[in-house]
Structure formats: C-alpha cells, structure tokens
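Peer 1: Structure in structure tokens, see below.
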There are 2 protein chains.
Amino acid sequence: MYRTHTCGELRIEQINQSVTLSGWVQKIRNLGGMTFVDLRDRYGITQLVFNEETHKDLCEQANSLGREFVIQVKGQVAERSNKNTKIPTGEIEILVDKLTILNTSELPPFTIEDETDGGDELRMKYRYLDLRRNPVRENLVLRHKIGFEVRSFLDKLNFIETETPVLIKSTPEGARDFIVPSRMNEGQFYALPQSPQVFKQLLMVAGFDRYFQIVKCFRDEDLRADRQPEFTQIDCEMAFVNQEDILNTFEEMTKHLFKTIKGIDMTFDFPQLSYEDAMTYYGSDKPDIRFEMKFVDITSDMSTSGFKVFEEAGYVGGICAEGCAGYTRKQLDKLTDFVKKPQIGANGLIYIKYNEDGTVKSSIDKFFSADQLKSLGEKFNAKAGDLVLILAGARKKMLNALGELRLEMGSRLGLRDKNKFSPMWVVDFPLLEWDEDGQRFHAMHHPFTAPKQSDRELLETDPGKVRANAYDLVINGVEIGGGSIRIFNDELQQQMFKILGFTEEEAENQFGFLMNAFKYGAPPHGGVAFGFDRLVSLFAGIDSIRDVIAFPKNNSGRDVMIDSPAQVSKDQLDELKIAQIEIKK
Amino acid sequence: MYRTHTCGELRIEQINQSVTLSGWVQKIRNLGGMTFVDLRDRYGITQLVFNEETHKDLCEQANSLGREFVIQVKGQVAERSNKNTKIPTGEIEILVDKLTILNTSELPPFTIEDETDGGDELRMKYRYLDLRRNPVRENLVLRHKIGFEVRSFLDKLNFIETETPVLIKSTPEGARDFIVPSRMNEGQFYALPQSPQVFKQLLMVAGFDRYFQIVKCFRDEDLRADRQPEFTQIDCEMAFVNQEDILNTFEEMTKHLFKTIKGIDMTFDFPQLSYEDAMTYYGSDKPDIRFEMKFVDITSDMSTSGFKVFEEAGYVGGICAEGCAGYTRKQLDKLTDFVKKPQIGANGLIYIKYNEDGTVKSSIDKFFSADQLKSLGEKFNAKAGDLVLILAGARKKMLNALGELRLEMGSRLGLRDKNKFSPMWVVDFPLLEWDEDGQRFHAMHHPFTAPKQSDRELLETDPGKVRANAYDLVINGVEIGGGSIRIFNDELQQQMFKILGFTEEEAENQFGFLMNAFKYGAPPHGGVAFGFDRLVSLFAGIDSIRDVIAFPKNNSGRDVMIDSPAQVSKDQLDELKIAQIEIKK
C-alpha cells in the first residue's frame, strides 16, 4: 500500500498515529539539524520533519531530494510547535522514520506554484506539469463538478443521456466539417458532428421525450482565442413542450448549478428580453446586465435640432456614465480613440459633462445652448456629476459601437464584477439573416428552428421579418446557451430549406432521413445546447476556455505537447486511397 | 401546455380530475358506440374513451385516427369498469372531451410493438421508429442508468471525470487508426483515439490522482457482429496504487452496479484466477464460471497407456458432463462434428459413458478395459449417469477446443442462465505475445503495461516468460474490462519499446512526450477500462452490443439511416489538399 492517508487529510486528532504518505516534494528547508519537506498531492500539503540528531542517514537522504521527486514516507503524526493556520493540515507534521524515493525528477522547466514563471507556450508543451498547479487543476475539478451536477439535475427530471454517433455525414450548411476517410467504403467520408442536432431531433421522433448528452463537437474553423476545434456541449431536447417549458426547465438547471457549485441562491425569475429590445437598449444580442446604463435613443428628438451631424444620422443615441463628469481631456480622447477603432467604427464621440457645480460642458457647445443640453440630459436621467456619451451614424453600426462603449465604461467603472452573475434570456430572435455577399438568407439559429406561429404568413411575403421561437441564455454578456422550438412537420421543413436556397435534391440528399422521420408522427419538440467550456470558465471566473480544457489546442489547431497533427505513413494513405495534392491557385 | 400528466402516470387516486395528455396512437378499437384509443408515450399507455352518443363528432374524429398519429386530448379521469391489471394505469381511463391532432403519421414500415415484424435492415433504416419500441428504448434507459451509477460511484471516491482530446496523433502500434486531415496544418493528420491511454497516464503524472471518463473510442477494423467502429469505454486510472487497490476499487464498483441496477447483492469476493490456471482449467482467458466442469488433464497418466493417440498427444484432457450418459449416438455425433469444425480444430472426440446401471461404454473400449475406464472416471469425479468427453492433440489447440466444447455443453445443459452473474478476475497475464508471422513480440495488453517485479530479470533473458501486472474483469465468459499497472519510469519504458521492435527514433517520435513526462516525477499508477457497450448488453441480457447503441453502424461501418459515410464535394477535398486516388495492386 502506497499510503494510508492523502497529504490533505491529517489533523490534530490523528496525533501519534503511524501513517504512510506518498506525494511530490514541493519544498525542502534545511534549517541545520532539522530538515523540513513539504509533501504535496492533489489533496493538500503535509509537512515532513527529519531530525539529524536522531535520524542522521534519513536526514541526509532528505537533503538530497529535489523538487518534484516522488517519495513515500512512513512516520508518526506530531503536533507542530509552529502552526500554519493557512492550510488545513497546518497543525500537524510527520516525524519521518522511513523514506522511499519512488521516482526522481529533473528540474521542471517552470515552477509548480499557483503563480508560475512559465510562459504560455512552455506551459502548453509541458501541460502535464502545468496541470500540477493548483489553479489549473481546480478548474478541471470544477468542470467535473458542474458536469456531475448537470447530470444529477437532468436525471431527476427523467432525461435520458443518450450517446449519438461521432462518425456521421458531412453537411455543407453551417461551419466547415472535419472529415474522416472511410477505408471500407471507398471514396466516401464520415464527418465529425458540429452538434448532435438531427440525432436529438430523431430521438424525439423516437419518443425518448427527454434527451441530454454532454458531448464533444467539432468545427474546422480558423481559431480565435476562445475557440477550439473540439469543444463540449451540454445538449438537450424535450418533446411536447413549448418555449416556456424549456426556459423554465433550464432556468431551474442554471439555478441548481449556481446553488450547488457557487452557493448562490437565485430566487428571482431570469429577465427575458426580446432580440429587438436587446439591440435597442444594449446594442448586443448578449447584453451584460450586471449594470444598467441602457441606451437612450434621441434620433427623433434630434431630427430638427439644427445640428447637421444629428439631423442626418440614421441613429443618434447614447449612454449616461454616472459620476464621470470629471473625466479629463485625456480620458475623453482615449474613449474617442476607442470608438473610432476600425472594429468599432464610429466617426467620433460626443460628450456632455453635467458638472457637480451645475454647469454643463460638451463637445457640441457650439450647436446647443446650455438649456438645450440640460433638457437633453433629462432624457438620459443625467444627474450632476454624470457624463453623457453620444454616437451618431448608421443605426446598426452605431448600436454595435455604443454597445462596445457601454461595456468599456462598465469595465472602467468596475461594474463588471466577476463574482456577480446576471443571467437573462434573449428571446424572439429573427428566423433568418440576410447575407449580402451571397444574396441569400441564412438561418440565424439553424435550419430546423420553427418560426413563431404568429409570423407564419410572413414566411411567404417577407421572410426577413419572421421571428423564431429561438432563445439564448446570456450570463454577464456571455452567450452560455441557445436553442429553439423545432419544426416538426415535413412540409414546413421543406419550405424552410427552399427559403435557405436548397434545391429539393440537396435537401433530400442531406436531410431526407429527417424529413422522412417527420412523416411518421413527429411530436412537437425543442431544445437547447449549452457551451460547456464557456459555462465552466464563467464559473471559474476566467476569460479563456482554454484554461478549463485539460489538453487544449493552440490557435493553429495544434496540440504542442503531443505534436499533433502530424504526418502519417504512405501505407496509411494508400489504404484509404487518398493522396496529398498541390492545389494550383 | 401540451400535457398535465404523462401516459404512465394516472391512477385511481386521480379520478374526476381534468387532465391533458399527449402521445402516440398505439391502437384504436371501435366497439360500435364506443371507441377506445390506447395513447402511448415513453412512460406508459393510457386508455382514452370516446362515446358516440354524447360526443358524436369527437368519436368520428377518433375513428379517423391512424396508428402512430400524435394527438393531444383533454378529458376527465374515470374508473374503468373493465380493469387491466397488467399495466399500472389499468384501473383508469380518460373520458375525452377535446382531441387535437398534433401530427399525422404514414403507416409505419413495421409494427411498433415489443415483438415486431420488422427485419434487421428495415429497423436500422427507420431506427427512429425502432427506438419507439419498448425493449429497444429500455436498453438505452438502462445504458443511461448504468452510466449515471458509474459516475455517482466514482465521484464519491474523488475520481475526476476529465475529457481527453478526440483529435490526437496516429500511432501505428495497435489497431488501425481513423485519421482526419488538418486544413490548417497542410499535409498533416489528426487521428481519432483508440483509447485515451497516454492522456490518462499524463493526468497521473499531473497529479490528478484519480481519473475517469466515459468516452468514445475508435478503431478502423473489419467489423464483426459485436464490434463497432466507434465504441464507448469507462476509462479509469489511479495513482499511488498497486494491483490489489485497483481490483478492490473496481470490484466495489461492479458490485455497486449489480446492486443499484439489478438489485443483486454480491457479498462474496470475486474469485481471482491466473491466466495460466484459466487456460489450464477452462481453455480460455475469459472463463464462464457460471458452471464448474473444469478440465481434467490426464496427459501424463496416459503417457504409458498403450493407446497411441493418447501417448503421442501433447495434451490429453477432458470434461465431465453430469447426467449426460444417456446421450444418443446422434447427439454424440453432433458433438464430434462440433469439435471438428475448422475454427475449433480437434481431430475427433472421445467419450466415456458411465451408465446409471454401473456399466461403462466408450469410443475407446478397444484400447481400455472397463476397470481402466472406471479408474479414469475417478479422475473426472464421474458418477453413474455422467459422460466424460476427451480431446487429444497439440496442447494449445486442444485447450481452446475443449474450452469451446465446455461452453457448448454448458449451454446444452442450461447452465448459462442469463439471470445468473458470475464475475471473476483473470490476473498475471503474460507481458508479451510472440507473433510468428512478424517474428517479433507484441504487447499482450499494451506497451505501457508493467512487468511483474519478480519477473523483471527475465525481460533480458526470456521475455516471453515475463508476467505482467495485468488483469481482466470477466463476467459470464465475457471480458467486461481490463487494465494493468503501468510503467512509470522512462528507462523501463524505453526497454519495453525496444523489446517490441521500436527503433529509438520511432519510440521518440511517437511517445517522446510520454517518456519525457516520466522524467519529471511520475508517480506509480495503473488503471482499467471497461467496455461500456458490453457491460450494458450483459446487464440487458442480450448478445449484441448493437442493441444497446442508439444509432449503430452495420458490418460495413455504415449508418444506413443517414446513409453515411458519403461522398464529399471536391471543394472540401481541395481545401484539405487531398484527392481520391486509385492504388494499383
């Protein structure tokens, strides 16, 4: 037996017990006559003591240990004279009488401490050492716990976790597929699923009633910092439900997670905001509502203001930043630079300072009287000491820019506290999105999303106006999940494919099995999928999903630790009857 | 709201309540004046009643329903005059006063009943209808439950469920890999994992201490009835453990599953049998010990028997089939044909009948006296009424053949009851297997398995004799899981690769990261992996794993429902810079 206890387990109650511990050498302190070793494992740290006077050889052996050596010790639990109140085992130490080196260690390329000196690339290359660090491992323990609580919650509600296939069929709609050549079916390929969407719908047709799965999904996209070629979804589907049933169920699940994982009791109903309102008040379909600072639209008020910039703009609107009237020229210039960045795209920033002393100072003093500015301030509920920031320009662009400015101000004002959680539902998404380049409609959610019953007639006459029974769960400005009520009728599904520009043949070829399934008594159904990686990072209070994945890939889709992807042998390619080729450009 | 209750929920206590139900039309009986509809969902069946006298239109509507139509009804719960004691809802029925057809259904291609008229291919093509059948769905509910109980058990023991990557690197050792071309890394490929083996070992190096994962694995092998290109493993690993720790932990897990899922209390210790003994007594490394019928080896007794067939054979041994002395000529001929089948490979079968009347009759009467046969019978513990069956020939072949004969006799005698479960551990597997074709050693388990400490010296002198710290969990003759204590030292791992015929470069190229990890304080560790599909089929009492998979593939690796694999567009291949080629043979 390698151990009787873990390194996080022993307390004052165990004094005088003989114990065996195993773990890693975290630290050695030779105090002349006494050597102290901090022994570490996943569960904690226990102090070992070697006394030179009574155990000379043993003490020498201890002094020869290196950092990250793996050792086993036998000894007696003793009370520490110098207690460490910072760790649960801090009241005791082990008087060692036997030491076995289980494995040696070279000096690690970076320190295995909560704050490490290792750079990102080095840590990824030696990920197995990086994972030894408490904060990294704790993220993955958190991930395990969240997964476990999701399963416990859904199991109680009669959801059946059902595995759907990983080797499926490529569908050009949506993102790019990873494909897998089939050796047994010459010239043919499997694809890895971007989501189990059609399979979960088929499970509803099959009468499974309530399905879920925590499942890997794959997208061959150019990667950003928070994207991975393989990612994990909590994928759910229910039959005989309408939108409210689904929102209720998964609102409860979200509350259950906050309660069990973070100890936060969310007793309120999550606010629901239409897509339209989310855009109008926050310029985003995933508003961060940890703070208010809603947009005020003054377009129509300004249409006869005499100020050309306002009169000619498709949109004039702004936000009120409380207590920011004292912003300096430099600070305002920085904000102006911020909104003028190409990815934000405003032409400039207008400010109005409502000073504490009752005066008003603005960048449009030339065009508006103090009284005019004061009455404008009322529209923003601006009080003395507040700063109003206004953008003017094309509506869609300005809403987006103002949204970014709002987040920036929220951050500057410390209103985006990582320990505060503000969940909400965004509902009534548009069914379709017009693609200017392709001169065609795309499905905003996916082609299986049902239009709102009340908007069904618009499908023929003005498809762009149709709203969908689609919804997103947004927490702190992050889209944590999304879903929809699905089409469950083959005719409507065919109409949808037609609107999306599929020929009948393409639709049949790719989704014939689904439309066929709808002919045999498909029940009404709908569902939702949560980004598991994002959910875990939200709970962990970190920004990148990479930190909650045990073995993530970098921005080129590479695992630098195992050095993958890699070349394969010609024999392997021959067996699959494929070859590498040059494509002439 | 589509329903207030499910179709399996209502009881006599709910009489007079107004309820709303939704589900599928299972059956319609028009009894003239009264129409009865069985409404089905996943949870059960509820009888609906339509009265022609009081609700003429409604009754007509009901009479127009077809099988598998999806309907919603509102009505009152009433006590049935004609109670059905076979179903939990059999005391009540619903007096319907509103009927809504939610979806129609074409006539299904086979009946949705426990016993269906659908052939295998038709059922796979319309798998979503097949899954509506109770026995098929129940298998998948069972799968969910087993997965959930595995997780609950391991979570309590501090195991961390950790996802390992699906896009990894091809390693030619072992079975054939599925590979995935990388678009972002030209000329390079990912591979899908045959198991998360190296990742779970790296997690041990990372100090995760206890890892598990229920995870999809992939093998591009030619498929047999009980193999799938993608299959699921319960994959586990522990640090600071020896073999006994692992066997104890997973023996407890197995008992937990039998207790919670089947209500079977296994209070005994699982028997442990060495590989050597398993081969000697059962001719198999996965013995079915639901029945005894151990082999009796009479090779040395027969070496001077005067009967050439016995004297010259490398092995003479047999089994005693209790109560089978009455077997007819025909029955014995059938058994002889059975052992002579090419895949079994015996030259013939020798029988000795110990008749009830005390006489002995055998196929070797010419060579042995009745007294000799009687004393031979004592070796087999044969009683009056028993039949001894003997094979003679090359040892390895005969052990295997006798093993098959034993199973055949067990089946004939009804000793292989699907409701009886006899788990055991087979231990002390050989480390290596000699490959006659390749004139080289293969790892019997995998290249990371540790040799037994006591056999370490043999590694240099006689590698074929080295036993491993490897073990299998066998239940009812089925290998449910297997694992080993791992090598955790880079030198031993290098030696192992060398014995397996890897050049240093190949070893470095494929497993350099693992050997490198071993340099930084790798702890002793070991683990086990269970075939989840097989475990579920064992619990379900069925033979094929296909029946416990929601969307299985056929023997050509095809999903006939979605028609996959399939061709992909030339654009897709171009983007990946690969092309289909002809290989000249």
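Following the order of the structure tokens, first chain is A, next is B, and so on, with residues numbered from 1 inside each chain and ligands from 1 in the order they appear.
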Write out as a PyMOL selection string which residues come within 6 Å of segment 190-205 of chain B when counting only C-alpha atoms, dropping same-chain ones fewer than 3 positions away.
Peer 2: (chain A and resi 128+565) or (chain B and resi 166-170+178-180+208-209+217-219+239+522)
Peer 1: Run DSSP on the backbone and tell me which residues of segment 189-368 of chain A come out as alpha helix (DSSP H); list them as a ChimeraX atom specification.
Peer 2: /A:197-205,243-257,275-282,308-311,329-340
Peer 1: Sorted by chain and rising residue number, which residues of segment 389-486 of chain B lie within 6 Å of segment 259-272 of chain B, and what are their closest atom pairs and distances in Å to one decimal, counting only C-alpha atoms, as a Markdown table?
Peer 2:
```
| residue | atom | partner | partner_atom | distance |
| --- | --- | --- | --- | --- |
| B:Met424 | CA | B:Pro271 | CA | 5.0 |
| B:Trp425 | CA | B:Gln272 | CA | 4.7 |
| B:Val426 | CA | B:Gln272 | CA | 5.8 |
```
Peer 1: Output all heavy atoms for every residue in that selection, as an mmCIF file, in the first residue's frame.
Peer 2:
```cif
data_model
loop_
_atom_site.group_PDB
_atom_site.id
_atom_site.type_symbol
_atom_site.label_atom_id
_atom_site.label_comp_id
_atom_site.auth_asym_id
_atom_site.auth_seq_id
_atom_site.Cartn_x
_atom_site.Cartn_y
_atom_site.Cartn_z
ATOM 1 N N MET B 424 -15.400 -12.556 -12.198
ATOM 2 C CA MET B 424 -14.096 -13.026 -11.728
ATOM 3 C C MET B 424 -13.002 -12.137 -12.296
ATOM 4 O O MET B 424 -13.208 -11.425 -13.271
ATOM 5 C CB MET B 424 -13.854 -14.456 -12.203
ATOM 6 C CG MET B 424 -13.689 -14.542 -13.717
ATOM 7 S SD MET B 424 -13.376 -16.222 -14.272
ATOM 8 C CE MET B 424 -11.950 -16.635 -13.303
ATOM 9 N N TRP B 425 -11.843 -12.197 -11.659
ATOM 10 C CA TRP B 425 -10.666 -11.522 -12.205
ATOM 11 C C TRP B 425 -9.721 -12.564 -12.782
ATOM 12 O O TRP B 425 -9.425 -13.559 -12.116
ATOM 13 C CB TRP B 425 -9.920 -10.755 -11.114
ATOM 14 C CG TRP B 425 -10.661 -9.576 -10.549
ATOM 15 C CD1 TRP B 425 -11.313 -9.537 -9.355
ATOM 16 C CD2 TRP B 425 -10.812 -8.280 -11.132
ATOM 17 N NE1 TRP B 425 -11.864 -8.285 -9.158
ATOM 18 C CE2 TRP B 425 -11.568 -7.496 -10.237
ATOM 19 C CE3 TRP B 425 -10.374 -7.696 -12.336
ATOM 20 C CZ2 TRP B 425 -11.907 -6.164 -10.491
ATOM 21 C CZ3 TRP B 425 -10.713 -6.370 -12.589
ATOM 22 C CH2 TRP B 425 -11.464 -5.627 -11.683
ATOM 23 N N VAL B 426 -9.271 -12.348 -13.992
ATOM 24 C CA VAL B 426 -8.155 -13.131 -14.512
ATOM 25 C C VAL B 426 -6.916 -12.249 -14.364
ATOM 26 O O VAL B 426 -6.928 -11.083 -14.780
ATOM 27 C CB VAL B 426 -8.381 -13.543 -15.979
ATOM 28 C CG1 VAL B 426 -7.180 -14.319 -16.510
ATOM 29 C CG2 VAL B 426 -9.643 -14.380 -16.098
#
```
Peer 1: Can you pull out every residue within 7 Å of Arg67 of chain B, counting only C-alpha atoms, but drop anything in the same chain fewer than 4 positions away, and send it as a list in words?
Peer 2: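 Counting only the stated atoms, we get Val25, Gln26, Lys27 and Leu107 of chain B.
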Peer 1: Find the residues around segment 442-451 of chain B up to 8 Å (only C-alpha atoms counted), leave out those fewer than 3 positions away in its own chain, and share them as a PDB file with N, CA, C and O atoms, in the first residue's frame.
Peer 2:
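Output contents, as saved in selection.pdb:
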```
ATOM      1  N   PHE B 429      -1.438 -11.984 -16.516  1.00  0.00           N
ATOM      2  CA  PHE B 429      -1.321 -12.213 -17.957  1.00  0.00           C
ATOM      3  C   PHE B 429       0.150 -12.171 -18.373  1.00  0.00           C
ATOM      4  O   PHE B 429       0.949 -11.466 -17.747  1.00  0.00           O
ATOM      5  N   PRO B 430       0.522 -12.889 -19.438  1.00  0.00           N
ATOM      6  CA  PRO B 430       1.865 -12.705 -19.977  1.00  0.00           C
ATOM      7  C   PRO B 430       2.032 -11.254 -20.450  1.00  0.00           C
ATOM      8  O   PRO B 430       1.072 -10.628 -20.893  1.00  0.00           O
ATOM      9  N   LEU B 431       3.245 -10.723 -20.319  1.00  0.00           N
ATOM     10  CA  LEU B 431       3.503  -9.352 -20.775  1.00  0.00           C
ATOM     11  C   LEU B 431       3.491  -9.290 -22.304  1.00  0.00           C
ATOM     12  O   LEU B 431       2.995  -8.339 -22.894  1.00  0.00           O
ATOM     13  N   LEU B 432       4.050 -10.340 -22.914  1.00  0.00           N
ATOM     14  CA  LEU B 432       4.273 -10.308 -24.368  1.00  0.00           C
ATOM     15  C   LEU B 432       3.659 -11.524 -25.041  1.00  0.00           C
ATOM     16  O   LEU B 432       3.429 -12.556 -24.421  1.00  0.00           O
ATOM     17  N   GLU B 433       3.428 -11.366 -26.307  1.00  0.00           N
ATOM     18  CA  GLU B 433       2.866 -12.420 -27.125  1.00  0.00           C
ATOM     19  C   GLU B 433       3.795 -12.562 -28.323  1.00  0.00           C
ATOM     20  O   GLU B 433       4.139 -11.551 -28.943  1.00  0.00           O
ATOM     21  N   TRP B 434       4.199 -13.772 -28.653  1.00  0.00           N
ATOM     22  CA  TRP B 434       5.079 -13.941 -29.802  1.00  0.00           C
ATOM     23  C   TRP B 434       4.260 -13.981 -31.081  1.00  0.00           C
ATOM     24  O   TRP B 434       3.256 -14.676 -31.168  1.00  0.00           O
ATOM     25  N   ASP B 435       4.662 -13.182 -32.040  1.00  0.00           N
ATOM     26  CA  ASP B 435       3.967 -13.131 -33.322  1.00  0.00           C
ATOM     27  C   ASP B 435       4.784 -13.913 -34.338  1.00  0.00           C
ATOM     28  O   ASP B 435       5.850 -13.461 -34.762  1.00  0.00           O
ATOM     29  N   ASP B 455       9.492 -10.787 -12.079  1.00  0.00           N
ATOM     30  CA  ASP B 455       9.891 -11.326 -13.388  1.00  0.00           C
ATOM     31  C   ASP B 455      10.792 -10.361 -14.159  1.00  0.00           C
ATOM     32  O   ASP B 455      11.118 -10.618 -15.326  1.00  0.00           O
ATOM     33  N   ARG B 456      11.181  -9.264 -13.507  1.00  0.00           N
ATOM     34  CA  ARG B 456      11.924  -8.213 -14.204  1.00  0.00           C
ATOM     35  C   ARG B 456      13.196  -8.732 -14.882  1.00  0.00           C
ATOM     36  O   ARG B 456      13.539  -8.308 -15.990  1.00  0.00           O
ATOM     37  N   VAL B 466       7.850 -13.478 -19.152  1.00  0.00           N
ATOM     38  CA  VAL B 466       7.555 -12.415 -18.183  1.00  0.00           C
ATOM     39  C   VAL B 466       6.038 -12.249 -18.013  1.00  0.00           C
ATOM     40  O   VAL B 466       5.304 -12.148 -18.989  1.00  0.00           O
ATOM     41  N   ARG B 467       5.617 -12.248 -16.770  1.00  0.00           N
ATOM     42  CA  ARG B 467       4.207 -11.978 -16.496  1.00  0.00           C
ATOM     43  C   ARG B 467       4.013 -10.494 -16.196  1.00  0.00           C
ATOM     44  O   ARG B 467       4.922  -9.817 -15.720  1.00  0.00           O
ATOM     45  N   ALA B 468       2.825 -10.018 -16.505  1.00  0.00           N
ATOM     46  CA  ALA B 468       2.545  -8.594 -16.330  1.00  0.00           C
ATOM     47  C   ALA B 468       1.615  -8.380 -15.160  1.00  0.00           C
ATOM     48  O   ALA B 468       0.876  -9.278 -14.765  1.00  0.00           O
ATOM     49  N   ASN B 469       1.636  -7.171 -14.619  1.00  0.00           N
ATOM     50  CA  ASN B 469       0.620  -6.759 -13.654  1.00  0.00           C
ATOM     51  C   ASN B 469      -0.615  -6.321 -14.430  1.00  0.00           C
ATOM     52  O   ASN B 469      -0.989  -5.160 -14.435  1.00  0.00           O
ATOM     53  N   ALA B 470      -1.199  -7.301 -15.121  1.00  0.00           N
ATOM     54  CA  ALA B 470      -2.352  -7.008 -15.964  1.00  0.00           C
ATOM     55  C   ALA B 470      -3.495  -7.915 -15.545  1.00  0.00           C
ATOM     56  O   ALA B 470      -3.262  -9.029 -15.065  1.00  0.00           O
ATOM     57  N   GLY B 483      -7.118  -4.089 -17.542  1.00  0.00           N
ATOM     58  CA  GLY B 483      -6.214  -2.998 -17.229  1.00  0.00           C
ATOM     59  C   GLY B 483      -4.890  -3.525 -16.749  1.00  0.00           C
ATOM     60  O   GLY B 483      -4.610  -4.722 -16.833  1.00  0.00           O
ATOM     61  N   SER B 484      -4.087  -2.603 -16.252  1.00  0.00           N
ATOM     62  CA  SER B 484      -2.764  -3.002 -15.795  1.00  0.00           C
ATOM     63  C   SER B 484      -2.155  -1.913 -14.915  1.00  0.00           C
ATOM     64  O   SER B 484      -2.612  -0.775 -14.909  1.00  0.00           O
ATOM     65  N   ILE B 485      -1.130  -2.324 -14.181  1.00  0.00           N
ATOM     66  CA  ILE B 485      -0.241  -1.360 -13.563  1.00  0.00           C
ATOM     67  C   ILE B 485       0.706  -0.908 -14.676  1.00  0.00           C
ATOM     68  O   ILE B 485       1.128  -1.710 -15.502  1.00  0.00           O
ATOM     69  N   ARG B 486       1.008   0.384 -14.705  1.00  0.00           N
ATOM     70  CA  ARG B 486       1.797   0.903 -15.828  1.00  0.00           C
ATOM     71  C   ARG B 486       3.263   1.068 -15.461  1.00  0.00           C
ATOM     72  O   ARG B 486       3.614   1.246 -14.292  1.00  0.00           O
ATOM     73  N   ILE B 487       4.057   1.075 -16.489  1.00  0.00           N
ATOM     74  CA  ILE B 487       5.448   1.504 -16.345  1.00  0.00           C
ATOM     75  C   ILE B 487       5.427   3.003 -16.032  1.00  0.00           C
ATOM     76  O   ILE B 487       4.642   3.736 -16.638  1.00  0.00           O
ATOM     77  N   GLN B 493      10.430   2.025 -19.796  1.00  0.00           N
ATOM     78  CA  GLN B 493       9.556   2.221 -20.945  1.00  0.00           C
ATOM     79  C   GLN B 493      10.353   2.122 -22.244  1.00  0.00           C
ATOM     80  O   GLN B 493       9.893   1.523 -23.221  1.00  0.00           O
ATOM     81  N   MET B 496      11.103  -1.469 -22.937  1.00  0.00           N
ATOM     82  CA  MET B 496       9.891  -2.116 -23.436  1.00  0.00           C
ATOM     83  C   MET B 496       9.699  -1.839 -24.926  1.00  0.00           C
ATOM     84  O   MET B 496       9.427  -2.749 -25.711  1.00  0.00           O
ATOM     85  N   PHE B 497       9.849  -0.585 -25.314  1.00  0.00           N
ATOM     86  CA  PHE B 497       9.710  -0.250 -26.738  1.00  0.00           C
ATOM     87  C   PHE B 497      10.734  -1.020 -27.570  1.00  0.00           C
ATOM     88  O   PHE B 497      10.442  -1.471 -28.675  1.00  0.00           O
ATOM     89  N   LEU B 500       9.730  -4.489 -28.140  1.00  0.00           N
ATOM     90  CA  LEU B 500       8.626  -4.532 -29.102  1.00  0.00           C
ATOM     91  C   LEU B 500       9.063  -4.147 -30.507  1.00  0.00           C
ATOM     92  O   LEU B 500       8.245  -4.029 -31.420  1.00  0.00           O
TER      93      LEU B 500
END
```
Peer 1: Select, from B:Met279, B:Leu535, B:Asp371, B:Phe240, the residue with the minimum atom-to-atom distance to Ile71 of chain A, counting only C-alpha atoms.
Peer 2: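 Smallest separation from Ile71 of chain A among the options: B:Phe240.
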Peer 1: Near segment 339-349 of chain B, counting only C-alpha atoms, which residues have an atom at most 9 Å away, once you skip same-chain residues fewer than 5 positions from it, shown as a ChimeraX atom specification?
Peer 2: /B:332-334,363,389-393,397-398,400-402,404-405
Peer 1: Determine, counting only C-alpha atoms, which protein, DNA and RNA residues have an atom within 12 Å of an atom of Asn248 of chain B; residues of the same chain fewer than 2 positions away are not included. Present the result as a VMD selection string.
Peer 2: chain B and resid 241 to 246 250 to 255 269 to 272 425 473 527 to 528
Peer 1: Would you work out the distance separating atom CA of Leu131 of chain A from atom CA of Val215 of chain B, expressed in Å to one decimal?
Peer 2: 20.6 Å
Peer 1: To one decimal in Å, tell me the separation between atom CA of Ala579 of chain B and atom CA of Glu582 of chain A.
Peer 2: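 The value is 9.6 Å.
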